[in-house]
Amino acid sequence: MDEVAGAIADPVRREIMEMLHGTRLTAGAVAEHFAISRPAVSRHLRVLRESGLVRDELVGRQRFYVLDTGPLTALTEWLDRFHRPAAWADHLDALETEVYRTRRERRSGDQDATRENTA
């Protein structure tokens, strides 16, 4: 997970991932989109490949790069833990529901007792 997080920490690598989403491109095609050198783009592709986020496929004499989102799963699951409410929040919601139910029952019981006393 640390290797994946490190790979996506760089904005150029994130942009490369976006470019590869749903398509495959050669290193040259990727490099055309950036103002950095081709060797720098190759280094970024190597980092992405070593983290498992990008695979390379040899087609004839051309090497194509393809996005592989599988390694993002562990990182996504870890990040999701911070978006979900803590378990105690569910318990507090249940307690709130019980308090409202008890109040409603007491009010209903008080109204029934008042009716009996006036009858």
# chains A, B, ... in the order shown; residues from 1 in each chain; ligands from 1
$ select_by_dssp --residues "chain A" --states "helix (DSSP H, G or I)" --output "JSON, numbers by chain"
{"A": [2, 3, 4, 5, 6, 7, 8, 11, 12, 13, 14, 15, 16, 17, 18, 19, 20, 27, 28, 29, 30, 31, 38, 39, 40, 41, 42, 43, 44, 45, 46, 47, 48, 49, 50, 72, 73, 74, 75, 76, 77, 78, 79, 80, 87, 88, 89, 90, 91, 92, 93, 94, 95, 96, 97, 98, 99, 100, 101, 102, 103, 104, 105, 106, 107, 108, 109, 110, 111, 112, 113, 114, 115, 116, 117, 118]}
$ closest_atom_pairs --of "region 44-103 of chain A" --to "region 1-18 of chain A" --cutoff "7 Å" --atoms "only C-alpha atoms" --output "JSON lines"
{"residue": "A:His44", "atom": "CA", "partner": "A:Arg13", "partner_atom": "CA", "distance": 6.0}
{"residue": "A:Val47", "atom": "CA", "partner": "A:Ala7", "partner_atom": "CA", "distance": 6.3}
{"residue": "A:Leu48", "atom": "CA", "partner": "A:Ala7", "partner_atom": "CA", "distance": 6.0}
{"residue": "A:Ser51", "atom": "CA", "partner": "A:Val4", "partner_atom": "CA", "distance": 5.4}
{"residue": "A:Leu67", "atom": "CA", "partner": "A:Met17", "partner_atom": "CA", "distance": 6.4}
{"residue": "A:Pro71", "atom": "CA", "partner": "A:Val4", "partner_atom": "CA", "distance": 6.9}
{"residue": "A:Leu72", "atom": "CA", "partner": "A:Val4", "partner_atom": "CA", "distance": 7.0}
{"residue": "A:Ala74", "atom": "CA", "partner": "A:Met1", "partner_atom": "CA", "distance": 6.4}
{"residue": "A:Leu75", "atom": "CA", "partner": "A:Met1", "partner_atom": "CA", "distance": 5.8}
$ write_last_selection --atoms "N, CA and C atoms" --output "PDB file, in the first residue's frame"
ATOM      1  N   HIS A  44       8.802   8.006 -14.531  1.00  0.00           N
ATOM      2  CA  HIS A  44       7.463   7.995 -13.924  1.00  0.00           C
ATOM      3  C   HIS A  44       6.730   6.695 -14.276  1.00  0.00           C
ATOM      4  N   VAL A  47       8.086   3.872 -12.130  1.00  0.00           N
ATOM      5  CA  VAL A  47       7.547   3.901 -10.757  1.00  0.00           C
ATOM      6  C   VAL A  47       6.136   3.328 -10.747  1.00  0.00           C
ATOM      7  N   LEU A  48       5.313   3.726 -11.705  1.00  0.00           N
ATOM      8  CA  LEU A  48       3.952   3.208 -11.791  1.00  0.00           C
ATOM      9  C   LEU A  48       3.947   1.709 -12.061  1.00  0.00           C
ATOM     10  N   SER A  51       5.005  -0.256  -8.908  1.00  0.00           N
ATOM     11  CA  SER A  51       3.951  -0.270  -7.886  1.00  0.00           C
ATOM     12  C   SER A  51       2.772  -1.137  -8.318  1.00  0.00           C
ATOM     13  N   LEU A  67      -3.261   0.890 -17.658  1.00  0.00           N
ATOM     14  CA  LEU A  67      -3.552   1.113 -16.240  1.00  0.00           C
ATOM     15  C   LEU A  67      -4.098  -0.166 -15.615  1.00  0.00           C
ATOM     16  N   PRO A  71      -4.116  -2.647  -7.650  1.00  0.00           N
ATOM     17  CA  PRO A  71      -3.369  -2.262  -6.449  1.00  0.00           C
ATOM     18  C   PRO A  71      -3.982  -1.102  -5.664  1.00  0.00           C
ATOM     19  N   LEU A  72      -4.913  -0.376  -6.260  1.00  0.00           N
ATOM     20  CA  LEU A  72      -5.568   0.721  -5.547  1.00  0.00           C
ATOM     21  C   LEU A  72      -6.580   0.218  -4.526  1.00  0.00           C
ATOM     22  N   ALA A  74      -6.497  -1.910  -1.913  1.00  0.00           N
ATOM     23  CA  ALA A  74      -6.104  -1.859  -0.496  1.00  0.00           C
ATOM     24  C   ALA A  74      -6.074  -0.424   0.009  1.00  0.00           C
ATOM     25  N   LEU A  75      -5.544   0.483  -0.801  1.00  0.00           N
ATOM     26  CA  LEU A  75      -5.486   1.889  -0.406  1.00  0.00           C
ATOM     27  C   LEU A  75      -6.888   2.478  -0.304  1.00  0.00           C
TER      28      LEU A  75
END
$ atom_distance --atom1 "CA of Thr26 (chain A)" --atom2 "CA of Phe64 (chain A)"
4.5 Å
$ atom_distance --atom1 "CA of Glu57 (chain A)" --atom2 "CA of Thr76 (chain A)"
25.9 Å
$ select_by_dssp --residues "chain A" --states "strand (DSSP E or B)" --output "ChimeraX atom specification"
/A:24-26,54-59,62-67
$ decode --residues "region 29-52 of chain A" --atoms "N, CA, C and O atoms" --output "mmCIF file, in the first residue's frame"
data_model
loop_
_atom_site.group_PDB
_atom_site.id
_atom_site.type_symbol
_atom_site.label_atom_id
_atom_site.label_comp_id
_atom_site.auth_asym_id
_atom_site.auth_seq_id
_atom_site.Cartn_x
_atom_site.Cartn_y
_atom_site.Cartn_z
ATOM 1 N N ALA A 29 3.702 8.530 -26.677
ATOM 2 C CA ALA A 29 2.403 9.216 -26.662
ATOM 3 C C ALA A 29 2.152 9.876 -25.311
ATOM 4 O O ALA A 29 1.600 10.977 -25.251
ATOM 5 N N VAL A 30 2.561 9.212 -24.246
ATOM 6 C CA VAL A 30 2.417 9.805 -22.911
ATOM 7 C C VAL A 30 3.309 11.041 -22.805
ATOM 8 O O VAL A 30 2.881 12.098 -22.339
ATOM 9 N N ALA A 31 4.550 10.920 -23.263
ATOM 10 C CA ALA A 31 5.524 12.014 -23.152
ATOM 11 C C ALA A 31 5.087 13.260 -23.908
ATOM 12 O O ALA A 31 5.422 14.378 -23.494
ATOM 13 N N GLU A 32 4.348 13.091 -25.003
ATOM 14 C CA GLU A 32 3.894 14.247 -25.790
ATOM 15 C C GLU A 32 3.016 15.194 -24.990
ATOM 16 O O GLU A 32 2.913 16.371 -25.313
ATOM 17 N N HIS A 33 2.377 14.711 -23.932
ATOM 18 C CA HIS A 33 1.461 15.534 -23.139
ATOM 19 C C HIS A 33 2.158 16.348 -22.055
ATOM 20 O O HIS A 33 1.512 17.114 -21.347
ATOM 21 N N PHE A 34 3.470 16.156 -21.911
ATOM 22 C CA PHE A 34 4.178 16.812 -20.814
ATOM 23 C C PHE A 34 5.327 17.664 -21.331
ATOM 24 O O PHE A 34 5.905 17.386 -22.377
ATOM 25 N N ALA A 35 5.676 18.682 -20.560
ATOM 26 C CA ALA A 35 6.796 19.558 -20.896
ATOM 27 C C ALA A 35 8.096 19.051 -20.277
ATOM 28 O O ALA A 35 9.079 19.777 -20.227
ATOM 29 N N ILE A 36 8.079 17.816 -19.784
ATOM 30 C CA ILE A 36 9.291 17.239 -19.201
ATOM 31 C C ILE A 36 9.929 16.298 -20.221
ATOM 32 O O ILE A 36 9.310 15.946 -21.228
ATOM 33 N N SER A 37 11.152 15.896 -19.967
ATOM 34 C CA SER A 37 11.886 15.058 -20.924
ATOM 35 C C SER A 37 11.302 13.646 -21.003
ATOM 36 O O SER A 37 10.634 13.180 -20.077
ATOM 37 N N ARG A 38 11.566 12.984 -22.115
ATOM 38 C CA ARG A 38 11.118 11.594 -22.271
ATOM 39 C C ARG A 38 11.721 10.680 -21.212
ATOM 40 O O ARG A 38 11.013 9.824 -20.681
ATOM 41 N N PRO A 39 13.019 10.852 -20.864
ATOM 42 C CA PRO A 39 13.563 10.016 -19.788
ATOM 43 C C PRO A 39 12.828 10.222 -18.460
ATOM 44 O O PRO A 39 12.629 9.277 -17.696
ATOM 45 N N ALA A 40 12.398 11.460 -18.187
ATOM 46 C CA ALA A 40 11.634 11.720 -16.954
ATOM 47 C C ALA A 40 10.297 10.995 -17.001
ATOM 48 O O ALA A 40 9.865 10.395 -16.003
ATOM 49 N N VAL A 41 9.633 11.024 -18.149
ATOM 50 C CA VAL A 41 8.362 10.298 -18.298
ATOM 51 C C VAL A 41 8.602 8.806 -18.134
ATOM 52 O O VAL A 41 7.822 8.105 -17.463
ATOM 53 N N SER A 42 9.689 8.306 -18.699
ATOM 54 C CA SER A 42 10.021 6.883 -18.553
ATOM 55 C C SER A 42 10.231 6.510 -17.089
ATOM 56 O O SER A 42 9.814 5.434 -16.654
ATOM 57 N N ARG A 43 10.861 7.393 -16.327
ATOM 58 C CA ARG A 43 11.046 7.130 -14.891
ATOM 59 C C ARG A 43 9.693 7.093 -14.182
ATOM 60 O O ARG A 43 9.468 6.236 -13.318
ATOM 61 N N HIS A 44 8.802 8.006 -14.531
ATOM 62 C CA HIS A 44 7.463 7.995 -13.924
ATOM 63 C C HIS A 44 6.730 6.695 -14.276
ATOM 64 O O HIS A 44 6.086 6.089 -13.415
ATOM 65 N N LEU A 45 6.829 6.274 -15.520
ATOM 66 C CA LEU A 45 6.194 5.022 -15.926
ATOM 67 C C LEU A 45 6.802 3.837 -15.189
ATOM 68 O O LEU A 45 6.090 2.899 -14.808
ATOM 69 N N ARG A 46 8.113 3.885 -14.954
ATOM 70 C CA ARG A 46 8.760 2.799 -14.219
ATOM 71 C C ARG A 46 8.230 2.724 -12.786
ATOM 72 O O ARG A 46 7.931 1.645 -12.273
ATOM 73 N N VAL A 47 8.086 3.872 -12.130
ATOM 74 C CA VAL A 47 7.547 3.901 -10.757
ATOM 75 C C VAL A 47 6.136 3.328 -10.747
ATOM 76 O O VAL A 47 5.785 2.515 -9.881
ATOM 77 N N LEU A 48 5.313 3.726 -11.705
ATOM 78 C CA LEU A 48 3.952 3.208 -11.791
ATOM 79 C C LEU A 48 3.947 1.709 -12.061
ATOM 80 O O LEU A 48 3.146 0.965 -11.492
ATOM 81 N N ARG A 49 4.864 1.255 -12.907
ATOM 82 C CA ARG A 49 4.952 -0.172 -13.221
ATOM 83 C C ARG A 49 5.413 -0.963 -11.995
ATOM 84 O O ARG A 49 4.853 -2.009 -11.670
ATOM 85 N N GLU A 50 6.414 -0.464 -11.285
ATOM 86 C CA GLU A 50 6.927 -1.158 -10.104
ATOM 87 C C GLU A 50 5.907 -1.221 -8.973
ATOM 88 O O GLU A 50 5.924 -2.149 -8.172
ATOM 89 N N SER A 51 5.005 -0.256 -8.908
ATOM 90 C CA SER A 51 3.951 -0.270 -7.886
ATOM 91 C C SER A 51 2.772 -1.137 -8.318
ATOM 92 O O SER A 51 1.862 -1.368 -7.531
ATOM 93 N N GLY A 52 2.786 -1.592 -9.562
ATOM 94 C CA GLY A 52 1.706 -2.440 -10.065
ATOM 95 C C GLY A 52 0.545 -1.681 -10.672
ATOM 96 O O GLY A 52 -0.428 -2.288 -11.109
#
